[in-house]
Amino acid sequence: MDLLTVGRVGVDLYPQQPGPLKDVTSFGRYLGGTATNVAVGAARLGRRTAVLTKVGADGFGEYVREALKGFGVDPSYVGISPELQTPIVFCELNPPEDPPLLFYRQPVAPDLTLTADDVPWDLVREVPVFWVTGTGVSVEPARSTQLAMLEHRGRSRWTVLDLDWRPMFWPSPEQATAEYDVMLDLVNVVVGNRAEVEVATGSADPDEAADRLLNRGVELAMVKLGARGVLVATPDERTVVPPHRVDVVCGLGAGDAFGGALVHGLLSEWPAARIAEYANAAGALVASRLACADAMPTAAELEALLAAQGVTA
C-alpha cells in the first residue's frame, strides 16, 4: 500500500440542469468525500491506495464500496455503521468555481464514528503516505481515534494534514484552531487554502502562515492562493507556482485532485516545486470537468496539459 487516507466519504448528487436547486429536476450520482477523492486521484496515477472510513448499512453504502473498487481503491477498511445512513451531498453549480454544498450528515456521519477497533494499526504505522483531514477531529469519537493514529505513526514520512476547513462541521473557528494546533505537532506536510491556514495558524498572510507551520516542524507547507497559484514552502526554499488556466465547469474536487497528485509527487521523491506544478495541473483538469472522483486525471492527461504549456512532467 502506498497511501491510506482517513475521513469523509459519501455520495455526491450533481444537478443535470443549470440554475438553483429549487428548479433542478434530476441529478447524477457520483462518489465523493475529500479523503475518498484523494485516494481515487492517487490511484488514477498508478498508486495503491485505501480509505479508512465508514458508511451506512444502505444501498448508497454498497455503492460506495463498489465504486471504490472500480476506481482501484482498496475498500477493505470501509466499515459499516448499522444505525446510520451513508451521507449525501447536493451541489448547486452556481457559481461554478465555488459551488454551494448542501450536506446531509445527520445526526452524525458514519465516517465520524471511527474508533480504535476500526483501525489497521500496522498499516497506519508503515504506509508510506498517511493522509488525514481537519474534519476528522471535529467531533468524537473520530477526534480521539485520529489523534491516536497520528501519535502511533510518530510523524514518519509522509504524514499529511489536509486542513479541510468546513465551518458547518464545527461549533466555532476557535475550536477548530485548538484541534488543528494539536495535529500540527504530529504531521510533516500541511496543505490548505488561505482561509484554512488562517484558522490553523492565526495568520491570513500566506508567507507568515507558512513560517508558522514550518516553525512547528512541518517539512512541506502548501498554501493555495486561488488564481495566483500555490505557495510552496520548505525549510530550504520558497516559491509561488502559477496556476493552469482553464474554463471552470465545477470547482469541486479540484483540491482533492491536487491532493492525489501531491501524494504521487511525494512518493516519486520530486522537488517541492515540481510536485506543486503537477498538482496544480491535476486541480485544473478536474475544475474543467463535472464531478470529483470520476473526473480525476490520469498521468497521460496531466503530462499532455503540462507539455502544452511548456512544462516537463
# chains A, B, ... in the order shown; residues from 1 in each chain; ligands from 1
>>> select_by_dssp(residues="segment 115-220 of chain A", states="strand (DSSP E or B)", output="PyMOL selection string")
chain A and resi 129-133+159-162+189-193+220
>>> residues_around(residues="segment 106-122 of chain A", least_positions_apart="2", cutoff="7 Å", atoms="only C-alpha atoms", output="ChimeraX atom specification")
/A:7-9,53-56,81,84,86-87,104,124-126,136,139,141-142,145
>>> write_last_selection(atoms="C-alpha atoms", output="short mmCIF file (atom, residue, chain, number, x, y, z; two decimals), in the first residue's frame")
data_model
loop_
_atom_site.label_atom_id
_atom_site.label_comp_id
_atom_site.auth_asym_id
_atom_site.auth_seq_id
_atom_site.Cartn_x
_atom_site.Cartn_y
_atom_site.Cartn_z
CA GLY A 7 -12.16 10.59 6.58
CA ARG A 8 -15.12 11.74 4.57
CA VAL A 9 -16.93 9.55 2.12
CA THR A 53 -13.89 5.32 6.72
CA LYS A 54 -17.44 4.12 7.38
CA VAL A 55 -20.73 4.08 5.51
CA GLY A 56 -24.30 3.28 6.45
CA SER A 81 -22.42 1.80 10.94
CA LEU A 84 -26.55 5.48 10.47
CA THR A 86 -24.42 6.99 4.17
CA PRO A 87 -24.02 10.78 3.72
CA TYR A 104 -26.93 15.54 4.69
CA VAL A 124 -1.14 3.26 9.84
CA ARG A 125 2.42 2.98 11.11
CA GLU A 126 4.02 1.56 7.98
CA GLY A 136 -11.68 14.16 11.15
CA VAL A 139 -16.24 15.53 16.84
CA PRO A 141 -15.06 9.56 18.68
CA ALA A 142 -13.29 10.31 15.38
CA THR A 145 -9.17 7.98 17.03
#
>>> atom_distance(atom1="atom CA of Leu220 of chain A", atom2="atom CA of Pro242 of chain A")
17.6 Å
>>> closest_atom_pairs(of="segment 6-102 of chain A", to="segment 160-167 of chain A", cutoff="12 Å", atoms="only C-alpha atoms", output="CSV")
residue,atom,partner,partner_atom,distance
A:Val6,CA,A:Leu161,CA,10.3
A:Gly7,CA,A:Asp162,CA,10.5
A:Arg8,CA,A:Asp164,CA,10.3
A:Gly33,CA,A:Asp164,CA,10.9
A:Thr34,CA,A:Asp164,CA,8.1
A:Ala35,CA,A:Asp162,CA,9.0
A:Val38,CA,A:Asp162,CA,10.2
A:Pro100,CA,A:Arg166,CA,11.9
A:Leu101,CA,A:Arg166,CA,10.6
A:Leu102,CA,A:Arg166,CA,11.9
>>> atom_distance(atom1="atom CA of Glu277 of chain A", atom2="atom CA of Ala227 of chain A")
13.9 Å
>>> atom_distance(atom1="atom CA of Gly283 of chain A", atom2="atom CA of Gly253 of chain A")
7.5 Å
>>> residues_around(residues="segment 22-28 of chain A", least_positions_apart="4", cutoff="10 Å", atoms="only C-alpha atoms", output="JSON, numbers by chain")
{"A": [11, 12, 13, 14, 15, 16, 17, 18, 90, 91, 92, 291]}
>>> write_last_selection(atoms="C-alpha atoms", output="mmCIF file, in the first residue's frame")
data_model
loop_
_atom_site.group_PDB
_atom_site.id
_atom_site.type_symbol
_atom_site.label_atom_id
_atom_site.label_comp_id
_atom_site.auth_asym_id
_atom_site.auth_seq_id
_atom_site.Cartn_x
_atom_site.Cartn_y
_atom_site.Cartn_z
ATOM 1 C CA VAL A 11 -22.476 10.235 -2.488
ATOM 2 C CA ASP A 12 -22.425 13.489 -4.456
ATOM 3 C CA LEU A 13 -25.591 14.447 -6.330
ATOM 4 C CA TYR A 14 -24.933 16.888 -9.173
ATOM 5 C CA PRO A 15 -27.716 18.760 -10.982
ATOM 6 C CA GLN A 16 -28.414 17.748 -14.534
ATOM 7 C CA GLN A 17 -29.828 21.227 -15.235
ATOM 8 C CA PRO A 18 -28.354 24.683 -14.579
ATOM 9 C CA PHE A 90 -26.233 18.109 -3.099
ATOM 10 C CA CYS A 91 -24.247 20.531 -5.244
ATOM 11 C CA GLU A 92 -25.600 23.724 -6.801
ATOM 12 C CA ALA A 291 -17.849 15.555 -10.650
#
>>> closest_residue(among="A:Ala307, A:Val191, A:Ile88, A:Leu252", to="Cys292 of chain A", atoms="only C-alpha atoms")
A:Leu252
>>> closest_residue(among="A:Ala304, A:Val190, A:Leu21, A:Ala204", to="Val218 of chain A", atoms="only C-alpha atoms")
A:Val190
>>> select_by_dssp(residues="segment 68-312 of chain A", states="alpha helix (DSSP H)", output="VMD selection string")
chain A and resid 68 to 70 121 to 126 142 to 153 173 to 183 194 to 201 206 to 215 254 to 268 272 to 287 299 to 308
>>> closest_residue(among="A:Ala300, A:Val182, A:Leu267, A:Val248", to="Val127 of chain A", atoms="only C-alpha atoms")
A:Leu267
>>> residues_around(residues="Val241 of chain A", least_positions_apart="4", cutoff="7 Å", atoms="only C-alpha atoms", output="list in words")
Gly229, Val230, Leu231, Ala273, Ala276 and Glu277 of chain A
>>> residues_around(residues="Ala295 of chain A", least_positions_apart="3", cutoff="9 Å", atoms="only C-alpha atoms", output="VMD selection string")
chain A and resid 41 253 257 285 to 292
>>> write_last_selection(atoms="N, CA and C atoms", output="PDB file, in the first residue's frame")
ATOM      1  N   GLY A  41      -7.729   9.892  -6.706  1.00  0.00           N
ATOM      2  CA  GLY A  41      -6.790  10.656  -7.518  1.00  0.00           C
ATOM      3  C   GLY A  41      -5.424  10.005  -7.578  1.00  0.00           C
ATOM      4  N   GLY A 253     -13.723  19.251  -6.101  1.00  0.00           N
ATOM      5  CA  GLY A 253     -12.827  18.157  -6.430  1.00  0.00           C
ATOM      6  C   GLY A 253     -11.466  18.598  -6.905  1.00  0.00           C
ATOM      7  N   ALA A 257      -8.011  16.562  -6.291  1.00  0.00           N
ATOM      8  CA  ALA A 257      -7.113  16.151  -7.371  1.00  0.00           C
ATOM      9  C   ALA A 257      -5.700  16.648  -7.081  1.00  0.00           C
ATOM     10  N   LEU A 285      -7.463  20.350 -14.330  1.00  0.00           N
ATOM     11  CA  LEU A 285      -8.220  19.426 -15.168  1.00  0.00           C
ATOM     12  C   LEU A 285      -9.566  19.076 -14.530  1.00  0.00           C
ATOM     13  N   VAL A 286      -9.568  18.837 -13.220  1.00  0.00           N
ATOM     14  CA  VAL A 286     -10.826  18.487 -12.560  1.00  0.00           C
ATOM     15  C   VAL A 286     -11.773  19.681 -12.527  1.00  0.00           C
ATOM     16  N   ALA A 287     -11.240  20.890 -12.358  1.00  0.00           N
ATOM     17  CA  ALA A 287     -12.092  22.084 -12.374  1.00  0.00           C
ATOM     18  C   ALA A 287     -12.763  22.285 -13.729  1.00  0.00           C
ATOM     19  N   SER A 288     -12.177  21.718 -14.775  1.00  0.00           N
ATOM     20  CA  SER A 288     -12.758  21.861 -16.116  1.00  0.00           C
ATOM     21  C   SER A 288     -13.767  20.760 -16.430  1.00  0.00           C
ATOM     22  N   ARG A 289     -14.062  19.918 -15.413  1.00  0.00           N
ATOM     23  CA  ARG A 289     -14.970  18.795 -15.610  1.00  0.00           C
ATOM     24  C   ARG A 289     -16.054  18.803 -14.529  1.00  0.00           C
ATOM     25  N   LEU A 290     -17.078  17.986 -14.730  1.00  0.00           N
ATOM     26  CA  LEU A 290     -18.114  17.805 -13.732  1.00  0.00           C
ATOM     27  C   LEU A 290     -17.794  16.563 -12.909  1.00  0.00           C
ATOM     28  N   ALA A 291     -18.044  16.648 -11.608  1.00  0.00           N
ATOM     29  CA  ALA A 291     -17.849  15.555 -10.650  1.00  0.00           C
ATOM     30  C   ALA A 291     -16.444  15.582 -10.078  1.00  0.00           C
ATOM     31  N   CYS A 292     -16.252  14.735  -9.060  1.00  0.00           N
ATOM     32  CA  CYS A 292     -14.982  14.710  -8.330  1.00  0.00           C
ATOM     33  C   CYS A 292     -14.208  13.432  -8.650  1.00  0.00           C
TER      34      CYS A 292
END
>>> closest_residue(among="A:Met1, A:Met168, A:Ala50, A:Val73", to="Thr135 of chain A", atoms="only C-alpha atoms")
A:Met168
